[in-house]
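For reference, start.txt (compact mmCIF, C-alpha atoms):
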# COMPACT_ATOMS: atom_id res chain seq x y z
CA MET A 287 18.78 -19.83 14.49
CA ASN A 288 19.88 -16.84 16.58
CA LEU A 289 20.42 -13.38 15.09
CA THR A 290 24.24 -13.55 15.19
CA THR A 291 24.36 -16.81 13.23
CA LYS A 292 21.85 -15.49 10.70
CA LEU A 293 23.87 -12.32 10.19
CA ASP A 294 27.11 -14.28 9.80
CA ARG A 295 25.49 -16.28 7.00
CA ILE A 296 24.24 -13.15 5.23
CA VAL A 297 27.68 -11.53 5.36
CA ALA A 298 29.31 -14.72 4.10
CA ARG A 299 26.77 -14.96 1.28
CA ALA A 300 27.49 -11.36 0.24
CA GLU A 301 31.22 -12.13 0.08
CA GLU A 302 30.48 -15.24 -1.99
CA LEU A 303 28.32 -13.28 -4.45
CA ARG A 304 30.95 -10.54 -4.82
CA ALA A 305 33.54 -13.22 -5.61
CA MET A 306 31.26 -14.81 -8.21
CA LEU A 307 30.64 -11.48 -9.91
CA GLY A 308 34.35 -10.70 -9.80
CA GLU A 309 35.11 -13.94 -11.61
CA GLY A 310 33.19 -12.70 -14.61
CA ILE A 311 30.15 -14.97 -14.67
CA GLY A 312 27.63 -14.05 -17.36
CA GLY A 313 24.11 -14.56 -18.60
CA ASP A 314 21.28 -15.45 -16.23
CA ALA A 315 23.72 -16.38 -13.45
CA TYR A 316 25.11 -12.83 -13.47
CA VAL A 317 21.64 -11.28 -13.36
CA LYS A 318 20.53 -13.57 -10.54
CA ALA A 319 23.68 -12.98 -8.46
CA SER A 320 23.51 -9.21 -9.00
CA ARG A 321 19.88 -9.10 -7.92
CA GLU A 322 20.52 -11.17 -4.79
CA LEU A 323 23.53 -9.05 -3.83
CA ALA A 324 21.54 -5.84 -4.31
CA GLU A 325 18.86 -7.20 -1.98
CA ILE A 326 21.21 -8.15 0.87
CA GLU A 327 23.77 -5.35 0.64
CA PRO A 328 21.65 -2.90 2.69
CA VAL A 329 21.44 -5.53 5.44
CA VAL A 330 25.20 -6.14 5.27
CA ALA A 331 25.82 -2.39 5.62
CA ARG A 332 23.71 -2.33 8.79
CA VAL A 333 25.50 -5.40 10.11
CA ASP A 334 28.81 -3.59 9.62
CA GLU A 335 27.43 -0.62 11.59
CA LEU A 336 26.21 -2.94 14.36
CA ARG A 337 29.51 -4.75 14.68
CA ALA A 338 31.45 -1.48 14.68
CA ALA A 339 29.20 -0.27 17.52
CA GLU A 340 29.71 -3.52 19.42
CA ARG A 341 33.50 -3.15 19.09
CA SER A 342 33.27 0.43 20.34
CA ALA A 343 31.25 -0.78 23.34
CA ALA A 344 33.86 -3.42 24.15
CA ASP A 345 36.64 -0.82 23.93
CA ALA A 346 34.70 1.56 26.18
CA ARG A 347 34.12 -1.13 28.80
CA ALA A 348 37.85 -1.85 28.79
CA MET A 349 38.51 1.84 29.61
CA LEU A 350 36.24 1.89 32.66
CA ASP A 351 39.11 0.84 34.95
CA ASP A 352 41.20 3.84 33.90
CA PRO A 353 40.30 6.84 36.14
CA GLU A 354 41.34 9.32 33.47
CA LEU A 355 39.21 7.70 30.78
CA ARG A 356 36.28 6.51 32.87
CA GLU A 357 34.04 9.54 32.25
CA LEU A 358 34.64 9.38 28.50
CA ALA A 359 33.98 5.62 28.48
CA GLU A 360 30.71 6.01 30.42
CA ALA A 361 29.48 8.66 27.96
CA GLU A 362 30.36 6.38 25.04
CA LEU A 363 28.55 3.42 26.62
CA HIS A 364 25.48 5.56 27.35
CA ALA A 365 25.22 6.52 23.66
CA LEU A 366 25.80 2.97 22.47
CA LYS A 367 23.20 1.63 24.90
CA GLU A 368 20.57 3.24 22.66
CA SER A 369 22.18 2.86 19.22
CA ILE A 370 22.97 -0.87 19.40
CA PRO A 371 19.34 -1.99 20.09
CA ALA A 372 18.14 0.43 17.39
CA LEU A 373 20.53 -1.12 14.86
CA GLU A 374 19.45 -4.63 15.87
CA HIS A 375 15.81 -3.66 15.45
CA SER A 376 16.41 -2.15 11.99
CA ILE A 377 18.20 -5.34 10.94
CA ARG A 378 15.36 -7.53 12.18
CA LEU A 379 12.92 -5.40 10.17
CA ALA A 380 15.12 -5.67 7.07
CA LEU A 381 15.13 -9.46 7.44
CA LEU A 382 11.33 -9.77 7.49
CA PRO A 383 9.90 -11.50 4.40
CA ARG A 384 9.03 -8.90 1.79
CA ASP A 385 5.78 -8.59 -0.10
CA GLU A 386 6.92 -8.64 -3.72
CA ALA A 387 4.09 -6.27 -4.61
CA ASP A 388 5.19 -3.53 -2.20
CA GLU A 389 7.35 -1.69 -4.72
CA ARG A 390 4.60 -1.65 -7.33
CA SER A 391 2.25 1.06 -8.45
CA ALA A 392 -1.43 0.51 -7.64
CA ILE A 393 -4.99 0.67 -8.87
CA LEU A 394 -7.31 2.54 -6.49
CA GLU A 395 -11.07 1.97 -6.52
CA VAL A 396 -13.53 3.99 -4.43
CA ARG A 397 -17.26 3.25 -4.35
CA PRO A 398 -20.19 4.35 -2.14
CA ALA A 399 -21.83 1.60 -0.11
CA ALA A 400 -24.54 2.32 2.49
CA GLY A 401 -25.98 5.79 2.79
CA GLY A 402 -27.42 6.87 -0.56
CA ASP A 403 -26.45 10.30 -1.89
CA GLU A 404 -24.38 11.11 1.20
CA ALA A 405 -22.24 7.99 0.59
CA GLY A 406 -21.70 9.15 -2.99
CA LEU A 407 -20.62 12.60 -1.79
CA PHE A 408 -18.16 11.16 0.72
CA ALA A 409 -16.81 8.72 -1.88
CA ALA A 410 -15.95 11.72 -4.07
CA GLU A 411 -14.22 13.40 -1.12
CA LEU A 412 -12.20 10.27 -0.31
CA PHE A 413 -11.14 9.94 -3.94
CA ALA A 414 -9.97 13.57 -3.86
CA MET A 415 -8.17 12.89 -0.57
CA TYR A 416 -6.12 10.11 -2.15
CA GLN A 417 -5.34 12.32 -5.13
CA LYS A 418 -3.98 14.97 -2.75
CA TYR A 419 -1.99 12.32 -0.88
CA ALA A 420 -0.45 11.20 -4.17
CA VAL A 421 0.62 14.79 -4.88
CA LEU A 422 2.21 15.06 -1.42
CA ARG A 423 4.14 11.82 -2.04
CA GLY A 424 5.24 12.86 -5.51
CA TRP A 425 3.26 10.10 -7.21
CA ALA A 426 1.42 10.34 -10.53
CA PHE A 427 -2.38 10.05 -10.27
CA GLU A 428 -4.28 9.15 -13.45
CA VAL A 429 -8.07 8.87 -13.32
CA LEU A 430 -9.23 5.71 -15.07
CA GLU A 431 -12.93 6.07 -14.33
CA TYR A 432 -15.05 8.76 -12.70
CA ASP A 433 -18.78 8.04 -12.71
CA ASP A 434 -20.35 11.13 -11.15
CA THR A 435 -23.92 11.39 -9.92
CA GLY A 436 -24.45 14.96 -11.14
CA LEU A 437 -24.99 15.99 -7.49
CA GLY A 438 -21.34 16.30 -6.53
CA GLY A 439 -20.99 12.66 -5.61
CA ILE A 440 -19.84 9.58 -7.47
CA LYS A 441 -21.18 6.12 -8.22
CA GLY A 442 -17.58 4.95 -8.40
CA ALA A 443 -14.10 6.07 -9.40
CA MET A 444 -10.81 4.40 -10.22
CA ALA A 445 -7.27 5.69 -10.62
CA GLU A 446 -3.82 4.41 -11.47
CA ILE A 447 -1.27 5.69 -8.95
CA THR A 448 2.29 5.42 -10.19
CA GLY A 449 5.44 5.83 -8.14
CA ARG A 450 7.84 4.18 -5.73
CA SER A 451 6.31 1.91 -3.07
CA VAL A 452 2.74 3.03 -3.80
CA PHE A 453 1.20 -0.33 -2.91
CA ALA A 454 3.39 -0.68 0.20
CA ARG A 455 1.68 2.36 1.71
CA LEU A 456 -1.79 2.40 0.18
CA LYS A 457 -2.58 -1.28 0.76
CA TYR A 458 -3.58 -0.38 4.32
CA GLU A 459 -6.39 1.80 2.94
CA SER A 460 -8.39 -1.16 1.61
CA GLY A 461 -11.61 -1.63 3.52
CA VAL A 462 -14.77 0.15 4.63
CA HIS A 463 -14.50 3.84 5.53
CA ARG A 464 -17.34 5.24 7.63
CA VAL A 465 -18.42 8.88 7.77
CA GLN A 466 -20.56 10.50 10.47
CA ARG A 467 -21.85 14.00 9.78
CA VAL A 468 -24.91 16.13 9.09
CA PRO A 469 -25.63 15.98 5.33
CA ALA A 470 -26.23 19.24 3.50
CA THR A 471 -29.75 17.99 2.68
CA GLU A 472 -30.61 17.25 6.34
CA SER A 473 -33.02 19.92 7.60
CA GLN A 474 -33.30 18.52 11.15
CA GLY A 475 -29.55 18.69 11.84
CA ARG A 476 -29.34 14.96 12.50
CA ILE A 477 -26.02 13.10 12.12
CA HIS A 478 -26.10 10.42 9.45
CA THR A 479 -23.75 7.46 9.08
CA SER A 480 -22.67 6.33 5.62
CA THR A 481 -19.97 4.03 4.29
CA VAL A 482 -17.63 3.91 1.33
CA THR A 483 -15.51 0.97 0.16
CA VAL A 484 -11.91 1.37 -0.90
CA ALA A 485 -9.90 -1.28 -2.74
CA VAL A 486 -6.20 -0.98 -3.55
CA LEU A 487 -4.74 -3.51 -5.98
CA PRO A 488 -1.07 -3.86 -6.94
CA GLU A 489 -0.57 -3.07 -10.59
CA ALA A 490 0.33 -6.12 -12.67
CA GLU A 491 2.46 -6.36 -15.78
CA GLU A 492 1.69 -8.64 -18.71
CA VAL A 493 4.48 -10.95 -17.56
CA ASP A 494 2.74 -11.37 -14.16
CA VAL A 495 -0.61 -12.49 -15.53
CA GLN A 496 -1.03 -14.45 -18.73
CA ILE A 497 -4.46 -13.73 -20.19
CA ASP A 498 -5.74 -15.94 -22.99
CA GLU A 499 -7.73 -13.81 -25.43
CA GLY A 500 -9.93 -16.84 -26.03
CA GLU A 501 -11.11 -16.63 -22.42
CA LEU A 502 -12.41 -13.08 -22.84
CA ARG A 503 -15.81 -11.85 -23.94
CA ILE A 504 -15.53 -8.28 -25.16
CA ASP A 505 -18.64 -6.18 -25.67
CA VAL A 506 -18.67 -2.65 -27.07
CA TYR A 507 -21.52 -0.22 -26.58
CA ARG A 508 -22.38 3.45 -26.58
CA ALA A 509 -21.21 5.35 -23.51
CA SER A 510 -24.00 6.52 -21.23
CA GLY A 511 -24.25 8.87 -18.29
CA ALA A 512 -25.38 12.29 -17.18
CA GLY A 513 -24.12 13.90 -20.37
CA GLY A 514 -21.17 16.05 -21.31
CA GLN A 515 -17.74 14.91 -22.34
CA HIS A 516 -18.16 11.33 -21.15
CA VAL A 517 -20.97 10.59 -23.57
CA ASN A 518 -20.60 10.28 -27.33
CA LYS A 519 -22.46 8.88 -30.26
CA THR A 520 -20.02 6.09 -31.13
CA GLU A 521 -19.68 2.68 -29.54
CA SER A 522 -16.54 3.54 -27.56
CA ALA A 523 -17.41 1.93 -24.22
CA VAL A 524 -15.92 -1.51 -23.57
CA ARG A 525 -16.99 -4.31 -21.24
CA ILE A 526 -14.56 -7.23 -20.79
CA THR A 527 -15.64 -10.45 -19.09
CA HIS A 528 -12.94 -12.91 -18.02
CA ILE A 529 -14.92 -16.11 -18.36
CA PRO A 530 -12.88 -18.43 -16.06
CA SER A 531 -12.96 -16.04 -13.09
CA GLY A 532 -16.23 -14.24 -13.82
CA ILE A 533 -14.52 -10.86 -13.37
CA VAL A 534 -16.19 -8.09 -15.38
CA VAL A 535 -14.54 -4.75 -16.13
CA ALA A 536 -16.36 -1.94 -17.93
CA MET A 537 -14.72 1.26 -19.11
CA GLN A 538 -16.21 4.28 -20.89
CA GLU A 539 -14.10 7.19 -19.64
CA GLU A 540 -12.30 7.73 -22.96
CA LYS A 541 -13.82 8.59 -26.34
CA SER A 542 -11.51 6.03 -27.93
CA GLN A 543 -12.58 2.39 -27.84
CA HIS A 544 -8.90 1.41 -28.02
CA LYS A 545 -8.02 3.47 -24.94
CA ASN A 546 -11.00 2.15 -23.00
CA ARG A 547 -9.99 -1.41 -23.86
CA ALA A 548 -6.39 -0.78 -22.71
CA LYS A 549 -7.59 0.65 -19.39
CA ALA A 550 -10.04 -2.21 -18.87
CA MET A 551 -7.29 -4.76 -19.51
CA LYS A 552 -5.04 -3.01 -16.99
CA ILE A 553 -7.74 -3.26 -14.33
CA LEU A 554 -8.55 -6.87 -15.23
CA ARG A 555 -4.86 -7.78 -14.99
CA ALA A 556 -4.62 -6.16 -11.54
CA ARG A 557 -7.67 -8.04 -10.27
CA LEU A 558 -6.40 -11.36 -11.58
CA TYR A 559 -2.98 -10.70 -10.06
CA GLU A 560 -4.59 -9.99 -6.71
CA GLN A 561 -6.49 -13.28 -6.98
CA GLN A 562 -3.20 -15.09 -7.54
CA ARG A 563 -1.68 -13.36 -4.52
CA ALA A 564 -4.72 -14.23 -2.42
CA SER A 565 -4.37 -17.92 -3.25
CA LEU A 566 -0.77 -17.81 -2.00
CA HIS A 567 -1.70 -16.13 1.28
CA ALA A 568 -4.29 -18.06 3.24
CA SER A 569 -5.02 -15.06 5.42
CA ARG A 570 -6.44 -13.15 2.47
CA ALA A 571 -9.67 -13.95 0.64
CA ALA A 572 -9.75 -15.22 -2.90
CA ASP A 573 -11.16 -12.08 -4.49
CA ARG A 574 -11.16 -8.32 -4.17
CA ARG A 575 -14.41 -8.24 -2.19
CA ALA A 576 -12.49 -9.61 0.80
CA GLN A 577 -10.68 -6.28 0.89
CA VAL A 578 -13.75 -4.10 1.12
CA GLY A 579 -16.35 -6.25 2.90
CA THR A 580 -20.02 -5.77 2.19
CA GLY A 581 -20.15 -2.06 2.94
CA ASP A 582 -22.48 -2.61 5.88
CA ARG A 583 -22.32 0.19 8.48
CA SER A 584 -21.05 -2.22 11.15
CA GLU A 585 -17.94 -2.99 9.12
CA ARG A 586 -15.25 -0.37 9.06
CA ILE A 587 -11.53 0.20 9.26
CA ARG A 588 -11.75 3.96 9.83
CA THR A 589 -14.38 6.46 10.95
CA TYR A 590 -14.45 10.12 9.93
CA ASN A 591 -16.55 12.06 12.47
CA PHE A 592 -17.00 15.60 11.18
CA PRO A 593 -18.95 17.11 14.15
CA GLN A 594 -16.11 16.11 16.50
CA GLY A 595 -13.36 16.82 13.97
CA ARG A 596 -11.81 13.39 14.51
CA VAL A 597 -10.69 10.43 12.45
CA SER A 598 -10.29 7.05 14.16
CA ASP A 599 -8.54 3.99 12.75
CA HIS A 600 -10.10 0.99 14.47
CA ARG A 601 -7.33 -1.48 13.59
CA ILE A 602 -4.74 0.34 15.70
CA GLU A 603 -7.12 2.28 17.97
CA LYS A 604 -5.59 5.56 16.88
CA THR A 605 -7.58 8.80 16.79
CA LEU A 606 -6.46 12.12 15.34
CA TYR A 607 -8.36 15.38 15.84
CA LYS A 608 -7.44 17.01 12.55
CA ILE A 609 -10.02 15.85 10.07
CA ASP A 610 -9.56 18.87 7.79
CA ARG A 611 -5.85 18.15 7.30
CA ILE A 612 -6.48 14.45 6.77
CA MET A 613 -9.05 15.20 4.06
CA GLN A 614 -6.33 17.34 2.44
CA GLY A 615 -4.24 14.18 2.03
CA GLU A 616 -2.19 14.18 5.22
CA LEU A 617 -2.45 10.42 5.77
CA ASP A 618 1.13 9.56 6.70
CA GLU A 619 0.56 9.56 10.46
CA PHE A 620 -2.05 6.81 10.10
CA ILE A 621 -0.15 4.87 7.44
CA ASP A 622 3.16 5.00 9.34
CA ALA A 623 1.40 3.69 12.46
CA LEU A 624 -0.25 0.87 10.47
CA ILE A 625 3.11 -0.12 8.97
CA ALA A 626 4.74 -0.12 12.42
CA GLU A 627 1.91 -2.26 13.83
CA ASP A 628 2.21 -4.71 10.95
CA GLN A 629 5.99 -4.94 11.38
CA ALA A 630 5.67 -5.48 15.12
CA ALA A 631 3.17 -8.30 14.58
CA ARG A 632 5.42 -9.98 12.02
CA LEU A 633 8.48 -9.60 14.25
CA ALA A 634 6.57 -11.25 17.11
CA ALA A 635 5.60 -14.12 14.80
CA GLU A 636 9.25 -14.62 13.81
CA GLU A 637 10.45 -14.92 17.41

Could you spell out this file's structure in structure tokens?
Amino acid sequence: MNLTTKLDRIVARAEELRAMLGEGIGGDAYVKASRELAEIEPVVARVDELRAAERSAADARAMLDDPELRELAEAELHALKESIPALEHSIRLALLPRDEADERSAILEVRPAAGGDEAGLFAAELFAMYQKYAVLRGWAFEVLEYDDTGLGGIKGAMAEITGRSVFARLKYESGVHRVQRVPATESQGRIHTSTVTVAVLPEAEEVDVQIDEGELRIDVYRASGAGGQHVNKTESAVRITHIPSGIVVAMQEEKSQHKNRAKAMKILRARLYEQQRASLHASRAADRRAQVGTGDRSERIRTYNFPQGRVSDHRIEKTLYKIDRIMQGELDEFIDALIAEDQAARLAAEE
């Protein structure tokens, strides 16, 4: 089906839905029609713009034979020569199949992999980088877990990031992040390479994932750690095992057992939802470890080279020489490029 025919059908469908809603349908039919119309109306608006531009181009071509209007017509055609393809491209992008999870909030998990203490230090810096990015985007960032090493690094950290289209942007951050630099503890000045794994899961609601309480094993225990506010004398820590999947979630960040259980269930729900999504998309693995790999130094999606001040994303072969700004949360240049690359690949597959 060519683009013109496809657009004609979308416009006709919008007119049909408006007529249905105008007739006063109710109940589920009204909700369904309203939702479908809301989804296609932005496309219809762009189609209207495209067709108006095409009419203007036809009018301008008709004026080319008039000596008095020729210069004006040529200027109009020159402008439309750029705007019409741009409108067509935006429509093609709008027609690409949408990931239903894109509009959702997300659960972020950052953990050190290879590299010992240095990996833990960089994991803490990456976690802080995403927190700063959330602030720049106007998203809410709530720490769910922060297991520090007592040396400035972390054994792992998790956060709930809430806002519009969080998963749509952060999903490209899942994978192995590699750092190359001279650790503070290195007396010989040698550059070390360490890795950190990042996983981004779309947040799931209770309606998305039905969890049978009978399939859970819930253990409570006394919180442990390096001391301070995260440790108390009551059994507030919670470990939930989802027996069918084998997924285990432990939470001890809060002093309240109830709050720890609620956070653990939120993480469990997100992991189960991601499993469901993975089973529907053959290109993705069946569990969250497919996102982050093994953490081996040879696996990476991005390298942060501090001596050279550069950050390289290996999926799109893009390098930026502004590592300080990137570590302050300025990630949009990478993420925008990754989105554009993904869209281009999907457009090519559609043609």

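When all atoms listed in the file are used to measure the gap to Lys441 in chain A, the shortest distance among A:Leu407, A:Ala414, A:Ile377, A:Leu293 belongs to A:Leu407.
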
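The closest residue to Glu472 in chain A, picked from A:Glu404, A:Arg601, A:Lys545, A:Ile393 and counting all atoms listed in the file, is A:Glu404.
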
Find the spatial neighbours of Thr481 in chain A, counting all atoms listed in the file, within a cut-off of 6 Å - ignore same-chain residues fewer than 5 positions away - and output them as an mmCIF file with C-alpha atoms, in the frame of the given file.
data_model
loop_
_atom_site.group_PDB
_atom_site.id
_atom_site.type_symbol
_atom_site.label_atom_id
_atom_site.label_comp_id
_atom_site.auth_asym_id
_atom_site.auth_seq_id
_atom_site.Cartn_x
_atom_site.Cartn_y
_atom_site.Cartn_z
ATOM 1 C CA ALA A 399 -21.830 1.600 -0.110
ATOM 2 C CA ALA A 400 -24.540 2.320 2.490
ATOM 3 C CA ALA A 405 -22.240 7.990 0.590
ATOM 4 C CA HIS A 463 -14.500 3.840 5.530
ATOM 5 C CA ARG A 464 -17.340 5.240 7.630
#

Pick out the residues sitting within 12 Å of Arg337 in chain A, and hand them over as a PyMOL selection string; count only C-alpha atoms, and ignore anything fewer than 2 positions along from it in its own chain.
chain A and resi 290+293-294+297+330-335+339-344+366+369-371+373-374+377

Do you have the CA of Gly436 in chain A-CA of Glu411 in chain A distance handy?
14.4 Å

Using only C-alpha atoms, determine which residues lie at most 10 Å from Asp388 in chain A, disregarding the query and same-chain residues fewer than 2 positions distant; provide the list as a compact mmCIF listing (two decimals) with C-alpha atoms, in the frame of the given file.
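Output saved as out_2.txt:
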# COMPACT_ATOMS: atom_id res chain seq x y z
CA ARG A 384 9.03 -8.90 1.79
CA ASP A 385 5.78 -8.59 -0.10
CA GLU A 386 6.92 -8.64 -3.72
CA ARG A 390 4.60 -1.65 -7.33
CA SER A 391 2.25 1.06 -8.45
CA ALA A 392 -1.43 0.51 -7.64
CA ARG A 450 7.84 4.18 -5.73
CA SER A 451 6.31 1.91 -3.07
CA VAL A 452 2.74 3.03 -3.80
CA PHE A 453 1.20 -0.33 -2.91
CA ALA A 454 3.39 -0.68 0.20
CA ARG A 455 1.68 2.36 1.71
CA LEU A 456 -1.79 2.40 0.18
CA LYS A 457 -2.58 -1.28 0.76
CA PRO A 488 -1.07 -3.86 -6.94

Which residues, written as a VMD selection string, have at least one atom at most 9 Å from Leu633 in chain A, with all atoms listed in the file counted and residues fewer than 4 positions away on the same chain left out?
chain A and resid 378 to 379 382 628 to 629 637

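The residue that comes closest to Leu363 in chain A, out of A:Asp345, A:Glu309, A:Glu521, A:Asp351 and on the basis of all atoms listed in the file, is A:Asp345.
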
Exercise: Asp505 in chain A partners within 10 Å, all atoms listed in the file, chain neighbours under 4 positions left out, as a count of residues only
7

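Distance-wise, CA of Ala324 in chain A and CA of Asp622 in chain A end up 25.3 Å apart.
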
Compute the distance from (-16.2, 1.7, -3.2) to each atom, counting only C-alpha atoms, keep the residues with any atom at most 9 Å away, and return them as a ChimeraX atom specification; use the coordinates of the file.
/A:395-399,409,441-443,461-462,481-485,578,581

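Residue nearest Ile326 in chain A within the list A:Arg295, A:Arg356, A:His375, A:Arg555: A:Arg295 [criterion: smallest interatomic distance, all atoms listed in the file].
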
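Our summary of the geometry notes that CA of Val317 in chain A is positioned 23.5 Å from CA of Gln496 in chain A.
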
Which residue, A:Glu459, A:Pro469, A:Val506, A:Glu616, has the smallest gap to Arg586 in chain A when you use only C-alpha atoms?
A:Glu459

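With distances restricted to all atoms listed in the file, A:Arg557 is the closest residue to Ala490 in chain A from A:Lys541, A:Arg557, A:Lys608, A:Arg347.
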
Please return as a ChimeraX atom specification every residue within 12 Å of (-5.6, -4.6, -21.4), taking into account all atoms listed in the file and the file's own coordinates.
/A:490-492,495-499,502,504,524-528,535-537,543-558
